[in-house]
Structure formats: structure tokens, C-alpha cells
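Enquirer: Before I ask anything, here is the structure I am working with.
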Amino acid sequence: MLTIKNLQAGIEGKTILKGIDLNVKPGEVHAIMGPNGSGKSTLAQVLAGRPEYEILAGAVDFLGKDLLEMAPEERAREGLFLAFQYPVEIPGVNTSYFLRTALNEIRAYRGDTKMSPGDFLKMIREKLKLVEMDAAFLNRSVNEGFSGGEKKRNEVLQMAVLQPRLAILDETDSGLDIDALKVVADGVNKLRSKDNAFIVVTHYQRLLNYIVPDFVHVLYDGRIVQSGDKSLALQLEANGYDAIKTAAMA
Amino acid sequence: MSTEMDHIESLANREYKYGFTADIESVTIPKGLNEDIIRMISARKKEPEFMLEWRLKAFQHWQTLKEPTWANVRYEPIDYQDIIYYAAPKNHDAGKSAEEIDPEIVALYDKLGIPLAEREALAGVAVDAVLDSVSVATTFKEKLSELGIIFCSFSEAVQNHPDLVKKYLGSVVPYTDNFFAALNSAVFSDGSFIFVPKGVRCPMELSTYFRINAANTGQFERTLIVAEEDSYVSYLEGCTAPIRKENQLHAAVVELVAHDRAQIKYSTVQNWYPGDKEGQGGVYNFVTKRGLCAGVNSKISWTQVETGSAITWKYPGCVLKGDNSVGEFYSVALTNNYQQADTGTKMIHIGKNTRSTIVSKGISAGFGQNSYRGQVKVLKGAQGARNFSQCDSLLIGDQCGAHTFPYIEVKNRSAQVEHEATTSKIGDDQIFYLLQRGIAKEDAVSMIVNGFCKEVLAELPMEFAVEAQKLLSVSLEGSVG
């Protein structure tokens with residue numbers, strides 16, 4: 001589904017990703033872990049097409065297409081979704097209207113007809129249950145005045161509505177208490193299928209107790225320095241990132 | 001590297017949709033301004049003596065005035081002798097019904113989306129169409145007259161209802177008010193007149209569509225709305241002009257009078273030609289609009305969406321004379337490319353327990369400069385007066401500017417006056433968030449802008465709100481959204 005080869009990228013002249021290789025197949029969940037400043041969020045942003053980042057080398061194939069050639073909105077329409085670490089507030093824009101617009105853009109891209117407001121409402125009522133959100137959310141402005149937990153749940157709700165092939169969760173656990181974390185993780189787990197894949201970017205192992213990954217990769221100084229199964233996450237939790245750092249220095 | 005700037009580029013290349021000229025033969029008078037010109041205008045309109053006298057007094061007064069320079073706008077000096085003050089389509093007589101008017105004119109308005117034939121007209125909206133200096137058609141006149149409502153061109157009102165015109169003309173905006181109001185009073189050619197009698201609730205939206213077509217011509221229209229006791233009227237105006245390299249002057253005056261418990265809702269969607277992306281051409285929109293809440297419990301509400309004109313200079317205000325009267329001002333002003341807007345309101349509290357609300361949203365893109373200028377004045381006798389003002393500015397790109405000039409003067413201790421102001425920038429973050437959800441860049445910007453203007457757009461009548469939203473998107477298209 002996603003093949004990253006020797007991806008190097010930076011911002012404002014500074015190289016952050018120094019050669020990433022990663023292969024994600026449908027049905028898989030990959031966790032990307034690493035200390036602060038290792039390039040985890042940069043990887044997520046670069047894959048989503050954030051224009052501030054400069055691609056220095058490498059190639060990314062997504063469902064047979066050159067991802068790096070695509071505009072951010074095309075990537076989204078092709079089925080790539082980024083759950084933001086810091087979801088953005090858009091004052092005055094009704095959440096329901098925003099989501100329906102996004103969904104219909106994606107449907108149009110795939111050659112489907114637009115979903116009527118009535119059908120949309122029926123569909124979204126089901127999705128709201130997934131993240132234990134009240135329908136009143138839909139009439140609020142996008143993320144405006146939302147608590148940290150509400151914002152993250154809203155990200156998962158959007159994921160549920162847009163049904164991406166590949167979802168990248170960028171530190172979705174940050175700022176969440178344990179109850180909110182469970183709700184978010186439950187939502188994600190219910191969306192898992194053999195056809196879609198997840199990349200879960202996180203600093204802590206905690207989230208991975210709830211969203212159990214098939215693979216864990218450790219990112220350090222812009223490179224994946226270690227890969228393994230879920231036990232690697234536990235090992236990191238026990239020993240910290242210091243061992244990784246020391247190994248990388250050597 | 002900024003996504004925003006690219007977008008602005010792409011938008012800036014969008015063209016003004018209403019920029020076509022129509023091939024309508026017009027009759028004009030010679031360029032320039034003097035007493036003979038004024039006599040000529042008055043004679044062409046077959047005006048009674050009192051109108052000519054009033055015009056001449058205004059002209060004499062205007063000659064003693066200097067063009068104001070306090071507004072935060074810059075433009076080359078206007079040569080008032082180089083303007084044609086009157087242009088009328090040939091083959092035109094005021095007061096014709098749509099069936100009788102020149103087919104070219106009907107075709108022009110069709111192209112603008114304004115059907116003049118009543119059978120095709122928008123349901124529930126009566127239209128007066130003003131082309132250059134004269135009114136060319138007014139729809140639904142008979143239906144309204146059954147209720148005693150007068151809705152006609154200003155010229156017809158002067159002919160058919162001289163007593164009303166005499167009583168109210170200049171009663172809210174005297175010709176001595178300011179430079180442009182004096183100029184308008186001297187040379188105004190047409191406009192709309194509305195009179196709603198006691199106890200009548202006008203059953204449809206009344207609307208005037210203003211269009212400048214002839215070249216080198218100024219448009220000076222005058223609108224007067226009088227709402228008697230316990231009446232209600234909602235009025236809309238829309239404006240467009242062809243693309244021309246020269247600047248065109250538009251100096252209108254609007255006067256509203258609301259008697260006891262009467263309500264007037266006045267909405268404007270102003271889309272005069274804004275000039276090209278280098279700042280050449282465009283309409284100078286220098287307008288004086290004021291409403292007098294003369295009676296107790298009366299209410300006047302201004303809603304404006306200003307997207308056009310090279311320069312906008314207007315401050316629709318309310319004089320709250322009647323006790324418990326209410327004034328409202330809801331405004332969206334958008335400047336793109338080299339457009340400049342200096343706009344806001346004046347709320348003058350005279351009566352007891354008078355209330356005013358000001359919600360102003362300024363959007364600047366490209367090299368646009370947007371100023372909010374608002375005055376809230378509470379006079380000594382205005383016991384218990386309240387004002388709330390909110391002025392928000394949105395910047396798109398980093399070459400534009402937003403400015404706020406509030407003037408607050410309170411002479412009564414019991415008054416409560418609140419002023420809030422914010423300035424924000426459309427962030428790359430916001431745009432990227434929407435892009436990441438599959439929404440196209442242009443749609444993303446217009447979604448953010450419409451969200452920003454929501455409170456104001458909600459005040460517009462439904463059909464207009466949709467138009468205004470589209471207009472905002474189109475206006476930003478060449479420049480940002």
C-alpha cells in the first residue's frame with residue numbers, strides 16, 4: 001500500500017528525515033516511536049504533503065501512485081488521512097457542513113454521487129456513537145472551543161466518515177486522560193479492517209496497549225534505527241530511549 | 001513557498017464577472033459642473049421649482065467645501081469638471097413597465113440575473129432598476145400600491161408625490177452634511193423612493209439594482225425610505241459596473257426615516273467594478289447613508305457586504321432619537337488587489353434606552369487596505385443607552401492591511417459602551433487542515449472567509465446571503481480565495 005524508499009526531507013534548510021525506508025501493507029498497523037525531535041511528526045506531515053517541507057531525496061509509492069507528486073488534497077482524496085496532533089480551529093464553519101463537504105469532494109474524486117444532507121445525517125449519527133460524541137458537536141464550529149479530548153475524538157470521527165485507506169495518527173494520545181484515550185483507541189480499533197492500514201506516531205507506549213501494532217519502528221535522528229513487533233515498544237518503555245541513542249552514537 | 005500566496009496568485013487572475021458593457025445608446029449632457037448643468041439636469045427631469053432651488057443651494061454650498069482627506073485611502077485628485085453628470089438610455093421615459101422598455105435594457109438586466117418582467121421576477125422581490133442616471137423599470141408597483149406602499153423611482157416620486165419628497169428630502173442627510181452629500185444633492189439623477197404607510201407590513205423584499213453603463217459618467221443616486229408608525233419594510237440594493245480603465249465616481253445618498261415602532265431593514269451587496277489586479281480603474285464609492293429612528297421603539301438595521309469598488313468610503317449610521325429605538329450595523333468589507341475601504345458606522349444615541357449593535361468584519365487580501373471607522377456618540381439625554389461593537393479583521397497574505405478607528409464619546413453616565421476588536425490571519429495551518437480533508441484550496445479559503453463572516457451573512461435575506469457567499473468567494477478568487 002505504502003512504500004517509502006530513502007525518504008529525505010527538511011525544513012528551512014535543515015535536514016530532518018535522513019533516509020526513511022518503510023513498507024506498509026493493507027491490514028497492518030505500524031507504530032513509529034522515538035524521542036522528541038527524532039522526526040516522527042515531520043514524517044507524518046511530509047506524507048500528508050505539508051508544503052513547508054522540502055523533499056530532498058527518495059520516493060514514496062501510495063497505492064501504485066507517486067505520492068510526492070500529488071497535492072495535499074489529492075493525497076486525501078486518494079485515501080490518505082492525517083489525524084493532527086494539534087487539530088486546527090476554524091471559527092464559524094459548522095462541523096457537519098465541513099465534514100459533508102470533505103466527504104463529497106472525496107466521493108466526487110472517486111466518481112460517486114454526492115451524499116444528500118439527509119443521508120449524511122443518518123450516516124454520521126452512527127459514526128458519532130463510535131467516538132461517544134453527542135450530535136450537538138455537529139453544529140459547533142470546527143474544533144472551536146473544543147477540549148483537547150474533544151478535538152482528538154473529532155479527528156477519529158472524521159476518519160470514520162472519510163474512511164481512508166491509510167490513516168496516520170500523529171501523537172493522537174498527547175494531552176489525553178486515560179478515559180479519553182480508551183474512547184479514541186476503541187474508535188480506531190473498530191475502524192481497522194483487512195483493507196486499510198494505520199501508522200501510529202507516538203512518544204509513549206501507553207497508546208499501544210489499546211491500539212496493538214503489528215510492527216514497531218524506532219525513529220532516531222531522522223532514521224529508523226530499529227524495527228520489531230509490539231514487544232519492542234514494551235522494551236523501550238522499560239529502558240527509555242537512552243539505549244537507542246547510545247547505540248546510534250556508536 | 002507559502003500555499004496562501006500561490007492561491008492568492010491564482011485567485012488574482014479571476015476576472016470581474018459583471019465587467020461587460022451593453023450597447024445601449026445613451027443621451028448624455030456635456031461634461032463638467034456648473035449651475036447651467038444643474039438646471040439642465042433638473043429640466044430634463046421636468047422637476048418642480050422647489051427641487052431646482054434645493055439643488056442650486058446645495059451646489060452653492062458644495063463650492064465652499066473641500067474634499068475630505070481624513071479617510072485612510074489614497075487616490076489621485078478627482079477632476080470634477082471632467083465628469084459627465086447625467087446619462088440616460090435613449091428611447092427611455094421614466095415609469096415604463098418592463099414590457100415597454102428597450103429590449104437591449106431588458107437583455108442587459110437578464111445578463112446580470114435581474115429579470116425585469118414581472119412574470120419571471122424573483123418570487124417575493126420587487127425590483128427597481130437604475131441604469132446610469134435613471135430608473136428604467138420598477139416591478140410589482142400595482143400590487144404594492146394596493147397596500148398603499150409607494151415604491152418607485154425618485155424621479156417619479158418628485159412628480160407624483162412632491163409633498164412627501166419636500167417633507168423628507170434632506171431631513172436626515174442635509175446637503176450641508178459633507179462634501180459628497182452636497183455634490184449628490186446638487187446633481188443626483190435618480191434612485192428609489194419608498195413610502196410604507198401606517199400599520200403596513202411590506203409583504204415582499206423591495207430591491208434596487210444599480211448599474212453604471214455609460215463611460216466617463218458619475219452615478220449620483222438618492223434613495224429615500226419612509227416607514228410610518230407600526231410599519232415594516234426590508235430593502236435590498238445591488239450594484240455592478242463595467243470594466244473601464246478610468247475610475248468612475250459614485251456618490252450616493254440614502255436617507256431612512258422610521259416613525260414610532262416602525263422597522264427598516266436595509267441590505268446592500270455592493271459589487272461595483274473594483275479595478276484590475278494592478279489597481280487600474282474601478283469605482284470610487286463615496287456614499288452617505290443614514291437612518292433616523294424618529295419614533296419610539298423604532299428600529300433601523302443596516303447590513304452590508306462590500307466586495308467591489310476601488311475605494312469605498314461609507315458609514316451607514318443611525319440617529320437614535322426616539323426613546324427605546326434600536327440601531328444595528330452588520331458589515332463585511334473585503335479588499336483585494338489594490339482595493340481600499342474606509343467604512344464603518346455612526347451610532348448617535350439621543351433618546352432614552354436607545355440601543356445599538358455594531359458587528360464589522362474586514363477582510364484584506366493582496367495589497368488591499370481595510371479600515372473600520374466607527375463613531376458611537378451618547379448624548380446627555382440618552383439615559384440608559386447601550387452600545388456593543390465588535391470589529392474583526394482577517395488578513396490573507398502579508399501585503400495587505402487592516403486598521404480600526406473607533407471614536408467613542410459618552411456624555412451620559414448611565415450609558416454602557418463596549419468595544420471589542422480582533423485581528424487574525426488566515427493561517428497556512430487552517431488551509432492545510434482543510435486540504436488534508438480533500439477540500440480544494442479555493443474552497444478552503446472561501447470556507448474560512450465565510451465562517452469569519454457568518455454573523456453578518458446571517459442577517460441578510462436568504463437569497464441574498466447565498467449570493468453574498470458566492471460573491472465573497474469570487475472576489476477572493478483572483479487574489480486568495
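To be explicit about the labels: the chains of the C-alpha cells are called A, B, and onward in the order shown, and within each one the residues are counted from 1, while ligands get numbers from 1 in the order they are shown.
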Wanna dump the chain A-chain B contacts at 10 Å for me, each residue with its shortest atom pair and the distance in Å to one decimal, counting only C-alpha atoms, ordered by chain and number, as a tab-separated table?
Expert:
residue	atom	partner	partner_atom	distance
A:Ala48	CA	B:Gln436	CA	6.9
A:Gly49	CA	B:Gln436	CA	8.3
A:Arg50	CA	B:Phe432	CA	7.0
A:Pro51	CA	B:Thr3	CA	6.9
A:Glu52	CA	B:Met1	CA	6.8
A:Tyr53	CA	B:Met1	CA	9.4
A:Glu54	CA	B:Met1	CA	9.8
A:Ala71	CA	B:Leu435	CA	8.7
A:Pro72	CA	B:Gln436	CA	5.8
A:Glu73	CA	B:Gly438	CA	4.3
A:Glu74	CA	B:Gly438	CA	6.6
A:Arg75	CA	B:Gln436	CA	7.6
A:Ala76	CA	B:Gly438	CA	4.9
A:Arg77	CA	B:Gly438	CA	5.3
A:Glu78	CA	B:Gly438	CA	8.8
A:Gly79	CA	B:Gly438	CA	9.1
A:Leu80	CA	B:Gln436	CA	8.3
A:Phe81	CA	B:Gln436	CA	6.9
A:Leu82	CA	B:Gln436	CA	7.0
A:Ala83	CA	B:Gln436	CA	9.4
A:Phe84	CA	B:Tyr433	CA	8.3
A:Tyr86	CA	B:Asp429	CA	9.7
A:Pro87	CA	B:Tyr433	CA	7.7
A:Val88	CA	B:Gln430	CA	6.0
A:Glu89	CA	B:Gln430	CA	7.3
A:Ile90	CA	B:Ile448	CA	6.6
A:Pro91	CA	B:Gly451	CA	5.9
A:Gly92	CA	B:Gly451	CA	3.8
A:Val93	CA	B:Gly451	CA	4.7
A:Asn94	CA	B:Gly451	CA	8.0
A:Tyr97	CA	B:Met447	CA	9.8
A:Phe98	CA	B:Met447	CA	8.4
A:Leu99	CA	B:Arg437	CA	8.3
A:Thr101	CA	B:Ile439	CA	7.2
A:Ala102	CA	B:Ile439	CA	5.5
A:Leu103	CA	B:Gly438	CA	7.8
A:Asn104	CA	B:Gly438	CA	9.0
A:Glu105	CA	B:Gly438	CA	6.1
A:Ile106	CA	B:Gly438	CA	6.1
A:Arg107	CA	B:Gly438	CA	9.8
A:Tyr109	CA	B:Gly438	CA	9.2
A:Ser141	CA	B:Gly451	CA	8.5
A:Val142	CA	B:Gly451	CA	9.9
A:Gln158	CA	B:Arg437	CA	8.5
A:Met159	CA	B:Arg437	CA	9.3
A:Leu162	CA	B:Arg437	CA	8.1
Enquirer: Taking the chain letters and numbering used in this document, name the residues of range 88-172 of chain A that DSSP puts in strand (DSSP E or B), as an MDAnalysis selection string.
Expert: chainID A and resid 90:94 141:142 166:170
Enquirer: Those same residues - C-alpha atoms - I'd like them written as a PDB file, in the first residue's frame.
Expert:
ATOM      1  CA  ILE A  90     -11.963  27.090  12.069  1.00  0.00           C
ATOM      2  CA  PRO A  91     -14.342  29.677  13.538  1.00  0.00           C
ATOM      3  CA  GLY A  92     -17.803  29.986  12.042  1.00  0.00           C
ATOM      4  CA  VAL A  93     -17.547  26.800   9.976  1.00  0.00           C
ATOM      5  CA  ASN A  94     -20.115  24.268  11.054  1.00  0.00           C
ATOM      6  CA  SER A 141     -17.682  25.380  14.625  1.00  0.00           C
ATOM      7  CA  VAL A 142     -14.842  23.057  13.655  1.00  0.00           C
ATOM      8  CA  LEU A 166      -4.192   4.774   5.176  1.00  0.00           C
ATOM      9  CA  ALA A 167      -4.577   6.760   8.376  1.00  0.00           C
ATOM     10  CA  ILE A 168      -1.638   8.427  10.073  1.00  0.00           C
ATOM     11  CA  LEU A 169      -2.231   9.226  13.721  1.00  0.00           C
ATOM     12  CA  ASP A 170       0.176  11.929  14.825  1.00  0.00           C
TER      13      ASP A 170
END
Enquirer: Residues at most 7 Å from Lys127 in chain A, counting only C-alpha atoms, excluding those fewer than 6 positions away in the same chain, as a PDB file with C-alpha atoms, in the first residue's frame?
Expert:
ATOM      1  CA  LEU A 157     -14.894  10.939  13.809  1.00  0.00           C
ATOM      2  CA  ALA A 160     -14.701   7.257  10.419  1.00  0.00           C
ATOM      3  CA  VAL A 161     -16.638   9.434   7.975  1.00  0.00           C
TER       4      VAL A 161
END
Enquirer: Which residues come within 7 Å of Tyr86 in chain B, counting only C-alpha atoms, excluding same-chain residues fewer than 2 positions away, as a VMD selection string?
Expert: chain B and resid 28 to 29 41 84 88 133 189
Enquirer: Output the selection as a PDB file, in the first residue's frame - C-alpha atoms for each residue.
Expert:
ATOM      1  CA  THR B  28     -25.670  62.485 -22.036  1.00  0.00           C
ATOM      2  CA  ILE B  29     -25.181  66.112 -21.201  1.00  0.00           C
ATOM      3  CA  ILE B  41     -30.498  68.027 -15.235  1.00  0.00           C
ATOM      4  CA  ILE B  84     -20.494  63.647 -17.070  1.00  0.00           C
ATOM      5  CA  ALA B  88     -29.813  58.191 -19.691  1.00  0.00           C
ATOM      6  CA  SER B 133     -28.665  58.168 -14.144  1.00  0.00           C
ATOM      7  CA  SER B 189     -30.308  61.964 -11.024  1.00  0.00           C
TER       8      SER B 189
END
Enquirer: Contacts of Lys352 in chain B at 7 Å or less, counting only C-alpha atoms, minus same-chain residues fewer than 2 places along, as a list in words?
Expert: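 My list of contacting residues is Asp323, Asn324, Ile350, Thr354, Gly381, Ala382, Gln383, Gly384 and Ala385 of chain B.
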Enquirer: Using only C-alpha atoms, which protein or nucleic acid residues come within 8 Å of Ser325 in chain B? Drop anything in the same chain fewer than 4 positions from it, and give the result as a list of chain:residue names.
Expert: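 Here the qualifying residues turn out to be B:Cys293, B:Gly295, B:Val296, B:Asn297, B:Ser298, B:Lys299, B:Leu320, B:Lys321, B:Gly351, B:Asn353, B:Thr354, B:Arg355.
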Enquirer: Save out the residues we just selected, N, CA and C atoms, as a short mmCIF file (atom, residue, chain, number, x, y, z; two decimals), in the first residue's frame.
Expert:
data_model
loop_
_atom_site.label_atom_id
_atom_site.label_comp_id
_atom_site.auth_asym_id
_atom_site.auth_seq_id
_atom_site.Cartn_x
_atom_site.Cartn_y
_atom_site.Cartn_z
N CYS B 293 -34.07 57.07 13.46
CA CYS B 293 -35.10 56.41 14.25
C CYS B 293 -35.85 57.55 14.94
N GLY B 295 -39.09 57.78 15.77
CA GLY B 295 -40.15 57.46 16.72
C GLY B 295 -39.71 56.52 17.82
N VAL B 296 -40.58 56.41 18.84
CA VAL B 296 -40.26 55.50 19.94
C VAL B 296 -40.27 54.06 19.44
N ASN B 297 -39.44 53.23 20.02
CA ASN B 297 -39.37 51.80 19.71
C ASN B 297 -39.17 51.50 18.22
N SER B 298 -38.60 52.43 17.51
CA SER B 298 -38.34 52.16 16.09
C SER B 298 -37.00 51.45 15.96
N LYS B 299 -36.79 50.87 14.78
CA LYS B 299 -35.55 50.11 14.60
C LYS B 299 -35.05 50.23 13.16
N LEU B 320 -30.45 57.74 16.78
CA LEU B 320 -31.45 57.10 17.63
C LEU B 320 -32.14 58.16 18.48
N LYS B 321 -33.15 58.77 17.87
CA LYS B 321 -33.80 59.90 18.51
C LYS B 321 -34.96 59.43 19.39
N GLY B 351 -32.17 59.49 22.28
CA GLY B 351 -33.31 59.12 23.13
C GLY B 351 -32.89 58.21 24.28
N ASN B 353 -32.79 54.94 26.69
CA ASN B 353 -32.75 53.49 26.50
C ASN B 353 -32.58 53.09 25.03
N THR B 354 -31.83 53.87 24.32
CA THR B 354 -31.56 53.50 22.93
C THR B 354 -30.43 52.49 22.91
N ARG B 355 -30.51 51.59 21.95
CA ARG B 355 -29.50 50.52 21.89
C ARG B 355 -28.91 50.43 20.49
#
Enquirer: Tell me, which residues of range 25-64 of chain B carry DSSP alpha helix (DSSP H), written as a list in words?
Expert: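 Across range 25-64 of chain B, those assigned alpha helix (DSSP H) are Glu35, Asp36, Ile37, Ile38, Arg39, Met40, Ile41, Ser42, Ala43, Arg44, Glu49, Phe50, Met51, Leu52, Glu53, Trp54, Arg55, Leu56, Lys57, Ala58, Phe59, Gln60, His61, Trp62 and Gln63 of chain B.
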Enquirer: Counting only C-alpha atoms, what is within 12 Å of Gln235 in chain A, bar same-chain residues fewer than 6 positions away, as a ChimeraX atom specification?
Expert: /A:33,204-205,216,218,226-229,241-244
Enquirer: The selected residues should be written to file as an mmCIF file, in the first residue's frame (atoms: N, CA and C atoms).
Expert:
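Full text of again01.cif as output:
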data_model
loop_
_atom_site.group_PDB
_atom_site.id
_atom_site.type_symbol
_atom_site.label_atom_id
_atom_site.label_comp_id
_atom_site.auth_asym_id
_atom_site.auth_seq_id
_atom_site.Cartn_x
_atom_site.Cartn_y
_atom_site.Cartn_z
ATOM 1 N N MET A 33 7.839 5.138 16.875
ATOM 2 C CA MET A 33 8.173 5.708 18.173
ATOM 3 C C MET A 33 9.520 6.406 18.091
ATOM 4 N N TYR A 204 4.917 7.640 23.529
ATOM 5 C CA TYR A 204 4.761 6.702 24.647
ATOM 6 C C TYR A 204 4.168 5.369 24.212
ATOM 7 N N GLN A 205 4.494 4.363 24.988
ATOM 8 C CA GLN A 205 3.997 3.027 24.721
ATOM 9 C C GLN A 205 2.514 2.899 25.075
ATOM 10 N N VAL A 216 6.640 -2.257 15.192
ATOM 11 C CA VAL A 216 7.066 -1.045 15.887
ATOM 12 C C VAL A 216 8.415 -0.628 15.296
ATOM 13 N N VAL A 218 11.543 2.324 15.543
ATOM 14 C CA VAL A 218 12.094 3.397 16.363
ATOM 15 C C VAL A 218 12.823 4.374 15.452
ATOM 16 N N GLN A 226 15.644 0.893 14.512
ATOM 17 C CA GLN A 226 15.304 -0.435 14.993
ATOM 18 C C GLN A 226 13.858 -0.732 14.628
ATOM 19 N N SER A 227 13.544 -1.966 14.233
ATOM 20 C CA SER A 227 12.162 -2.377 13.966
ATOM 21 C C SER A 227 11.909 -3.700 14.645
ATOM 22 N N GLY A 228 10.674 -3.905 15.049
ATOM 23 C CA GLY A 228 10.341 -5.163 15.696
ATOM 24 C C GLY A 228 8.851 -5.305 15.838
ATOM 25 N N ASP A 229 8.412 -6.225 16.708
ATOM 26 C CA ASP A 229 6.974 -6.355 16.937
ATOM 27 C C ASP A 229 6.606 -5.553 18.185
ATOM 28 N N TYR A 241 14.713 5.730 25.883
ATOM 29 C CA TYR A 241 15.327 5.868 24.567
ATOM 30 C C TYR A 241 16.849 5.938 24.637
ATOM 31 N N ASP A 242 17.390 5.979 25.858
ATOM 32 C CA ASP A 242 18.830 6.187 26.003
ATOM 33 C C ASP A 242 19.669 5.117 25.315
ATOM 34 N N ALA A 243 19.204 3.859 25.476
ATOM 35 C CA ALA A 243 19.948 2.752 24.873
ATOM 36 C C ALA A 243 20.024 2.924 23.358
ATOM 37 N N ILE A 244 18.889 3.354 22.805
ATOM 38 C CA ILE A 244 18.825 3.585 21.355
ATOM 39 C C ILE A 244 19.823 4.669 20.959
#
Enquirer: Work out how far CA of Gly374 in chain B is from CA of Ala71 in chain B, in Å to one decimal.
Expert: 11.8 Å
Enquirer: Pick the closest to Asp260 in chain B from B:Gly238, B:Pro316, B:Gly322, B:Pro162: which is it, counting only C-alpha atoms?
Expert: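 Of B:Gly238, B:Pro316, B:Gly322, B:Pro162, the one nearest Asp260 in chain B, counting only C-alpha atoms, is B:Gly322.
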Enquirer: Give me, please, the distance in Å between CA of Ile32 in chain A and CA of Pro164 in chain A, quoted to one decimal.
Expert: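 Going from CA of Ile32 in chain A over to CA of Pro164 in chain A covers 19.0 Å.
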Enquirer: State, in Å with one decimal place, the distance from CA of Arg153 in chain A to CA of Ala31 in chain A.
Expert: 19.5 Å
